[in-house]
Every structure is written in C-alpha cells, then in structure tokens.
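Trainee: Take this structure first; my questions come after.
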Amino acid sequence: MTSYIKSGDKYVAKDAEGLDVVVVENGATGPEEIPLDRRLILTVEGAEVVERLKERCKVLDVLDFGGEVFVVIAPDPQSVKAAFSTPGVKRVDVEKVYRLYEGER
Amino acid sequence: MRGSVKHYIVYGGFAPVMRVLTGLNDRAALTALEMMGLDALVRESVEVVDVYGEWGLVVVKMEEKEYRRLLSMGIRAEPEREYRLVGAGAGLPWNLAMIGWSRDLPYTGRGVAIAVVDSGVDPGACGLEGRVVYAKSFVPGEGPEDLHGHGTAVAYVAVGADDKYGGVARDAKVVSLKAFFKNGTSLDPFILRALHEALNLDVAVVNMSFGGPGGPDAPVSRAANMLMARGKLPVAAAGNEGPERGTVGAPAAGELVVAVGAVNKQKKITDYSSRGPADGLTKPDLVAPGGDRGGLIVSARPRGVPPIGPPVDDCYMGMMGTSFAAPHVSGAAALLYEAAKSATVARDVILNTAEDLGEPKEAQGRGLLRIDRALGRIRETNQRPETAPLLGLIGLAAVPLIGILSAAAREAKVERLRTLYRTGQITYIQLYTLYQRGEITLEELNKILR
C-alpha cells in the first residue's frame, strides 16, 4: 500500500515498494483526488517505463526533451492508477491552465 | 442633425469584459460599462464602439459637443488623435528608443528564426508579410491561423518590419507554433508539444508570452530549460500578476529561461509586472518595455479578428503586458545570435549589459534590456585576442575533470562553482560550456544557478 505525506502543496509518495518519489500537485491531496477530467503529465525515467505505461494505461503523447521525458496520459481511472503504481514514474503533474499575458491583472 | 463625428477614448474603471463589439443592446457591454462607472455613456446615448473592460478603456464615436459634455461630467476622454501619439512618438517608438535600438544597428536578425509559441501569427499582418516561414497548430480543432490576436502582436514586436512602428529584429523570421486556443488559454499537453517541435527546428530563440501556475519544477518550465541545452534561447514573459512578491509562474520560473518583466514609458517597473523570487531563484531576469495606460506598445493586429487592444488604425493596436516586454528580448537575442552564432552568448550578453534601474532585484532582475550596450559588448569581444582556455580562466585547469571525481569531491566542486558564480567570478556562459563539455550535469548546472 502506498502512503503519501503532504509537503506544502505537494503530496509525496513515501516508502512505496518499487516506486520512486511521486509528487502530486495542483491542489490534489492524493492520487484518489486526481480529477478525472484532467490529463496527467508523467515525468519518467527510461524507455522501458514508457513501454510499461503503454501497456497499462492510455498514453496520449510521449515527448522526449533529451534529459526530460514526459508522458501524457488520459484522465481515466485505470490510467491514473497506473500512473501511481508503475515503477520509474518520477513525478505526476495534473495538467494546468495557461494564459496569454495581456493587460493588467 | 449630427455634426462631425470621430473616435474618442474614454477612461473608466476595470471590468472583466474584453472586446465587446456592440451597439448598446449588448447586455454584457451594458454591465461592463456600469462596472467601469461609465453608465453615463448609455444615459447620454453615446455610440459605443468597443469596450475593453480589463484595460479600463472604451472606444466611442461622438461629436465634439458630446465630448465636452462628458468632460463636464468629470469623465476622462481623449480624442483619437491624442491616443495615436502615445505609441508613435516623433521619431522612434518610445519602446524601441528606450532599449537603445536604432535604425543603423549592424545586425538585423538576418538568417535567424524566432519561434513564437502563442495563439498563431497572421502572416499577412502589417509588418509581418513574408516573415512567417513555418506555422503549425498544436491546438485541437484549430488551424495555425491567429484567431485571438495575441501571437501576431507579439511577433510584430520581435520582428515587425515597417517603418511606422516596427519591431526589434527586422530581418529575422518567425516560426509560429500555435499552442493557444482562440480564447487565449492552453493546457500543458499542447504547450509541451509546441516546445518539443521548437526543440527540433532550426530556431535560435523561443518566445513564450504566457504563463500559468507552477515553479521551476513544472513540466513546461523544465521543457523550456531543455531548449537552452539544445542551443535555443527560451524567453518568457514574467507575468502580469504583480506587484506582489513571488508571482512569477511557469515557464518563466525555469532556471535557464530568461524571464522578462515590464517597464512603462517612464522607465518604471509597472505594477502589473510579476515579481520574484521563484522558488529561491532570482526572477525576473531583466525587464523591457511592456507599457501601461500612460503609453502602450503599438503592435500589429491580425486581419479578420477584432483588436485585443485599443485600435490605432486598420493595421495597429496598442498593447500592454509582459507579453510584449518578452519579444523585445527575443528580438534582441536574434540580433546577438546573428552576431555571435550562440544562444548562450546572447543570453549572457543581454543579462550582463542590462541597465540597472535601481529597483529591487525581485522587480527588475539585472535591469533594463539595452541592445546598444549588448552589441557594443559583442563588438569589444570580437576585437579582443583569443582568450585563455575556459578552465584556466576559472582556476580549474589543475584539477581533474569534475566528471571523474568521487561524489563528495564532486559535490565540493559544485559548491565551489556555485560560489564563483554567485560572486561574479565566472559567468553563465562558462558554466554552460562546462555543461556542454560534459564536465557537469544539467542537474549540477541547475544547482549552481539556484
């Protein structure tokens, strides 16, 4: 069973067997609270992790920035579960909204 | 019978409504005018053309006697002709003059491309004809055209090539990577795709006049950092969330991203310009003209889309925000890239030649962009004899390469480099060269820069 410790506005997976540190952001207080209408951006280590994720969840995109590999996955329960149970997933970010900076706040 | 009618700009309070093109039957416009304290326009049956609630401005058409009546009611209004003077000035536009740009600069960005990650760019907009060499949309359901107006305005500040107003790098090309919907928003997956495309294109600079929540660790910040590792300078708007501290978001918060805040026509940091720090990093990195209501940045407007700022004429509109400060830096980087053929040199020179405005670091970073000083520095460097080998310069020639040191020794060396960097004894370029040579890792580089 993975346990999570809250650290500031992040949730950090602690002592999870076979898991690296996973950070949940964007107001979610744990994987159970990941909104199912938002895609997840996973930071992963190695091509094998990508392959494992492809087997276990709906991968929408794999973007290799040469040192940073991001995997975008669909916001369905099975994919979210896979995000938090696949070794080699270093970080989980919930997609955020960005705005063009026009005018004063 | 009505006399001579012309456009006037009426100043009011703020309301969260923009670009309402209206007769006064439009309920949103009526509500906005009420919120702006300009309901008198309705009572006086003034013809309202555009309502820019977020700018606190309304464009109206009226006779002079109606104008005088508004003034007598204590409402601030100006005829259109006075508004035009704000952006154009007598010679150079104020924003270009302030950063030391002139028509006789030795570099114009020839042979250099700037990627504009934004809402798209209209390739036929005034000053941008023939400048967009590649355009692609990463937004589902929308083509590469600019349906918003922001991207076109941003591109114009960077490369606009007409003499009426114009931009910074007038021979540079634009690669338009559309990542924003027509409503001006986007999400990580679309931005990441656009940045990934930029990574693999022959561009020297990537302009990002947008932002969202998150610090240096946010995916878009880290993706933008990786552009630098591939020799492309990432430039981002610091944000319009000031004047509170700690309001620089992603991607501007990225360690290697050049975050640009805004100054107004009086060379003062604008209230809206986001302040650092960002997770302990000094941000913004520098400032450039972003304008405010006392002096806007005149930019091009796309064809067939309502203007997102007060229109000057069919070609131009007035804009403000750090969105328009950033492309000044991107344009400057294109000039420096043409001169030095290196994004890292461009970055270092831009930061090291900024004019200290005497404002806190969290507001101005290194200071105001100065293209004249930056190009002067490049000229001086080119005239110097071959400099000493890098490692010799920073006193590391006698020690083994950092890559083969033990973990403890490696950590000590990183700490030493960090101290040297903080005390100004080595530059970003020198550190970056160590990274490129594989003598420090990206993680170590980031640690040193923090």
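Chains: A, B, ... in order of the structure tokens. Residues: from 1 per chain. Ligands: from 1, in order shown.
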Just want the 12 Å neighbourhood of A:Ala47, counted on only C-alpha atoms, with same-chain residues fewer than 2 positions away dropped. Output as a tab-separated table (two decimals) with C-alpha atoms, in the first residue's frame.
Mentor:
chain	number	residue	atom	x	y	z
A	43	THR	CA	7.95	12.51	-15.78
A	44	VAL	CA	9.53	9.14	-16.37
A	45	GLU	CA	12.91	7.54	-16.40
A	49	VAL	CA	8.89	2.88	-18.30
A	50	VAL	CA	7.19	4.33	-21.33
A	51	GLU	CA	6.57	0.84	-22.65
A	52	ARG	CA	5.15	-0.31	-19.30
A	53	LEU	CA	2.85	2.69	-19.23
A	54	LYS	CA	1.68	1.98	-22.77
A	62	VAL	CA	5.44	10.81	-25.36
A	63	LEU	CA	7.72	13.83	-25.55
A	64	ASP	CA	11.43	13.26	-25.17
A	66	GLY	CA	16.63	14.76	-24.18
A	67	GLY	CA	17.03	14.55	-20.43
A	68	GLU	CA	13.39	15.01	-19.58
A	69	VAL	CA	10.81	12.53	-20.86
A	70	PHE	CA	7.17	13.47	-20.42
A	71	VAL	CA	4.32	11.04	-20.94
A	88	GLY	CA	10.07	4.57	-12.88
A	89	VAL	CA	7.43	7.28	-12.78
Trainee: When you look at A:Asp76 with a cut-off of 10 Å (counting only C-alpha atoms), what residues show up, excluding the ones that are within fewer than 6 positions of it in the same chain? I need them as an MDAnalysis selection string.
Mentor: chainID A and resid 34:40 57:58
Trainee: Write a file of the selected residues as a short mmCIF file (atom, residue, chain, number, x, y, z; two decimals), in the first residue's frame, keeping N, CA and C atoms.
Mentor:
data_model
loop_
_atom_site.label_atom_id
_atom_site.label_comp_id
_atom_site.auth_asym_id
_atom_site.auth_seq_id
_atom_site.Cartn_x
_atom_site.Cartn_y
_atom_site.Cartn_z
N ILE A 34 -7.21 12.88 -7.74
CA ILE A 34 -6.88 13.37 -9.08
C ILE A 34 -8.18 13.55 -9.86
N PRO A 35 -8.41 14.74 -10.39
CA PRO A 35 -9.66 14.94 -11.14
C PRO A 35 -9.66 14.12 -12.42
N LEU A 36 -10.77 13.52 -12.72
CA LEU A 36 -10.81 12.62 -13.88
C LEU A 36 -11.16 13.34 -15.18
N ASP A 37 -11.14 14.66 -15.15
CA ASP A 37 -11.32 15.38 -16.40
C ASP A 37 -10.04 16.09 -16.81
N ARG A 38 -8.95 15.75 -16.17
CA ARG A 38 -7.68 16.41 -16.49
C ARG A 38 -6.64 15.37 -16.87
N ARG A 39 -5.88 15.65 -17.89
CA ARG A 39 -4.80 14.74 -18.26
C ARG A 39 -3.66 14.83 -17.24
N LEU A 40 -2.85 13.81 -17.19
CA LEU A 40 -1.69 13.82 -16.29
C LEU A 40 -0.41 13.89 -17.11
N CYS A 57 -1.92 1.85 -19.46
CA CYS A 57 -2.86 2.96 -19.50
C CYS A 57 -2.89 3.61 -20.88
N LYS A 58 -3.77 4.56 -21.04
CA LYS A 58 -3.94 5.20 -22.34
C LYS A 58 -2.95 6.36 -22.45
#
Trainee: Please report as JSON, numbers by chain which residues of chain A come no farther than 8 Å from chain B, using only C-alpha atoms.
Mentor: {"A": [41, 63, 64, 65, 66, 67, 68, 70, 72, 93, 95, 96, 97, 98, 99, 100, 101, 102, 103, 104, 105]}
Trainee: Please produce a file of those selected residues containing N, CA and C atoms, as a CSV table (one decimal), in the first residue's frame.
Mentor:
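Output file result07.csv is given in full below:
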chain,number,residue,atom,x,y,z
A,41,ILE,N,0.6,14.6,-16.6
A,41,ILE,CA,1.9,14.7,-17.2
A,41,ILE,C,2.8,13.9,-16.3
A,63,LEU,N,6.9,12.7,-25.1
A,63,LEU,CA,7.7,13.8,-25.6
A,63,LEU,C,9.1,13.7,-24.9
A,64,ASP,N,10.1,13.4,-25.7
A,64,ASP,CA,11.4,13.3,-25.2
A,64,ASP,C,12.2,14.5,-25.4
A,65,PHE,N,12.5,15.2,-24.3
A,65,PHE,CA,13.3,16.5,-24.5
A,65,PHE,C,14.8,16.3,-24.3
A,66,GLY,N,15.2,15.0,-24.3
A,66,GLY,CA,16.6,14.8,-24.2
A,66,GLY,C,17.1,15.1,-22.8
A,67,GLY,N,16.7,14.3,-21.8
A,67,GLY,CA,17.0,14.6,-20.4
A,67,GLY,C,15.8,14.6,-19.6
A,68,GLU,N,14.7,15.0,-20.2
A,68,GLU,CA,13.4,15.0,-19.6
A,68,GLU,C,12.4,14.3,-20.5
A,70,PHE,N,8.5,13.3,-20.9
A,70,PHE,CA,7.2,13.5,-20.4
A,70,PHE,C,6.2,12.5,-21.1
A,72,VAL,N,2.2,11.9,-21.5
A,72,VAL,CA,0.8,12.5,-21.3
A,72,VAL,C,-0.2,11.3,-21.3
A,93,ASP,N,2.2,15.3,-12.6
A,93,ASP,CA,1.6,16.7,-12.6
A,93,ASP,C,0.2,16.6,-13.3
A,95,GLU,N,-2.5,18.4,-15.4
A,95,GLU,CA,-2.4,19.5,-16.4
A,95,GLU,C,-3.0,20.8,-15.9
A,96,LYS,N,-2.4,21.9,-16.2
A,96,LYS,CA,-2.8,23.2,-15.7
A,96,LYS,C,-3.2,24.1,-16.8
A,97,VAL,N,-3.9,25.1,-16.5
A,97,VAL,CA,-4.4,26.1,-17.5
A,97,VAL,C,-3.3,27.2,-17.6
A,98,TYR,N,-2.9,27.5,-18.8
A,98,TYR,CA,-2.0,28.7,-19.0
A,98,TYR,C,-2.8,29.7,-19.8
A,99,ARG,N,-2.3,31.0,-19.6
A,99,ARG,CA,-3.0,32.1,-20.2
A,99,ARG,C,-2.0,33.0,-20.9
A,100,LEU,N,-2.4,33.6,-22.0
A,100,LEU,CA,-1.6,34.6,-22.6
A,100,LEU,C,-1.6,35.9,-21.7
A,101,TYR,N,-0.4,36.5,-21.5
A,101,TYR,CA,-0.3,37.6,-20.6
A,101,TYR,C,-0.7,38.9,-21.4
A,102,GLU,N,-1.9,39.3,-21.4
A,102,GLU,CA,-2.3,40.5,-22.0
A,102,GLU,C,-3.0,41.4,-20.9
A,103,GLY,N,-2.5,42.6,-20.9
A,103,GLY,CA,-3.2,43.6,-20.0
A,103,GLY,C,-2.8,43.4,-18.5
A,104,GLU,N,-3.4,44.3,-17.7
A,104,GLU,CA,-3.1,44.2,-16.3
A,104,GLU,C,-4.0,43.1,-15.7
A,105,ARG,N,-3.6,42.7,-14.5
A,105,ARG,CA,-4.4,41.6,-13.9
A,105,ARG,C,-5.8,42.2,-13.5
Trainee: I want to know what sits within 8 Å of B:Leu57, based on only C-alpha atoms, with residues of the same chain fewer than 5 positions away left out; could you give that as a count of residues only?
Mentor: 8
Trainee: Determine which residues of stretch 108-251 of chain B receive a DSSP assignment of strand (DSSP E or B), computed from the backbone, and state them as a PyMOL selection string.
Mentor: chain B and resi 113-118+132-137+173-178+185-187+205-208+210-212+233-237+250
Trainee: Report, in Å with one decimal, the straight-line distance from atom CA of B:Thr433 to atom CA of B:Arg379.
Mentor: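 Between atom CA of B:Thr433 and atom CA of B:Arg379 the gap works out to 21.0 Å.
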Trainee: So that I can check the surroundings of B:Gly276, please list as a VMD selection string every protein, DNA and RNA residue that reaches within 12 Å of it, counting only C-alpha atoms and ignoring chain neighbours fewer than 4 positions away.
Mentor: chain B and resid 215 238 to 239 241 to 249 252 to 253 259 to 261 280 to 286 360 to 365
Trainee: Can you list, as a PyMOL selection string, all residues belonging to stretch 246-427 of chain B that DSSP tags as helix (DSSP H, G or I)?
Mentor: chain B and resi 322-340+343-352+361-364+371-383+390-393+402-404+407-422
Trainee: Could you state the separation of atom CA of B:Ala153 and atom CA of B:Leu177 in Å, given to one decimal place?
Mentor: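 About the pair atom CA of B:Ala153 and atom CA of B:Leu177: they are 14.3 Å apart.
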Trainee: If we count only C-alpha atoms and set the cut-off at 7 Å, which residues sit around B:Tyr156, ignoring sequence neighbours fewer than 4 positions away in its own chain? Please answer as a CSV table (one decimal) with C-alpha atoms, in the first residue's frame.
Mentor:
chain,number,residue,atom,x,y,z
B,127,GLY,CA,5.0,44.5,-40.9
B,128,LEU,CA,4.9,40.6,-41.0
B,152,THR,CA,0.5,38.4,-34.1
B,160,GLY,CA,7.9,43.7,-37.3
B,166,GLY,CA,8.2,48.3,-36.2
B,167,GLY,CA,9.9,45.7,-34.1
B,299,SER,CA,1.8,46.4,-32.4
B,300,ALA,CA,0.2,44.7,-35.5
Trainee: So what do you get for atom CA of B:Arg303 versus atom CA of B:Pro123, distance-wise?
Mentor: 9.4 Å
Trainee: At a cut-off of 12 Å, using only C-alpha atoms, what residues contact stretch 73-80 of chain B? Leave out same-chain residues fewer than 6 positions from it and give the result as an MDAnalysis selection string.
Mentor: chainID B and resid 5:13 36:41 44 56:64 66:67 86 310:313
Trainee: Given the choices B:Ala29, B:Lys164, B:Lys182, B:Thr344, which gets closest to B:Gly141 if the distance is worked out from only C-alpha atoms?
Mentor: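 Checking each candidate against B:Gly141, we get B:Lys182 as the closest.
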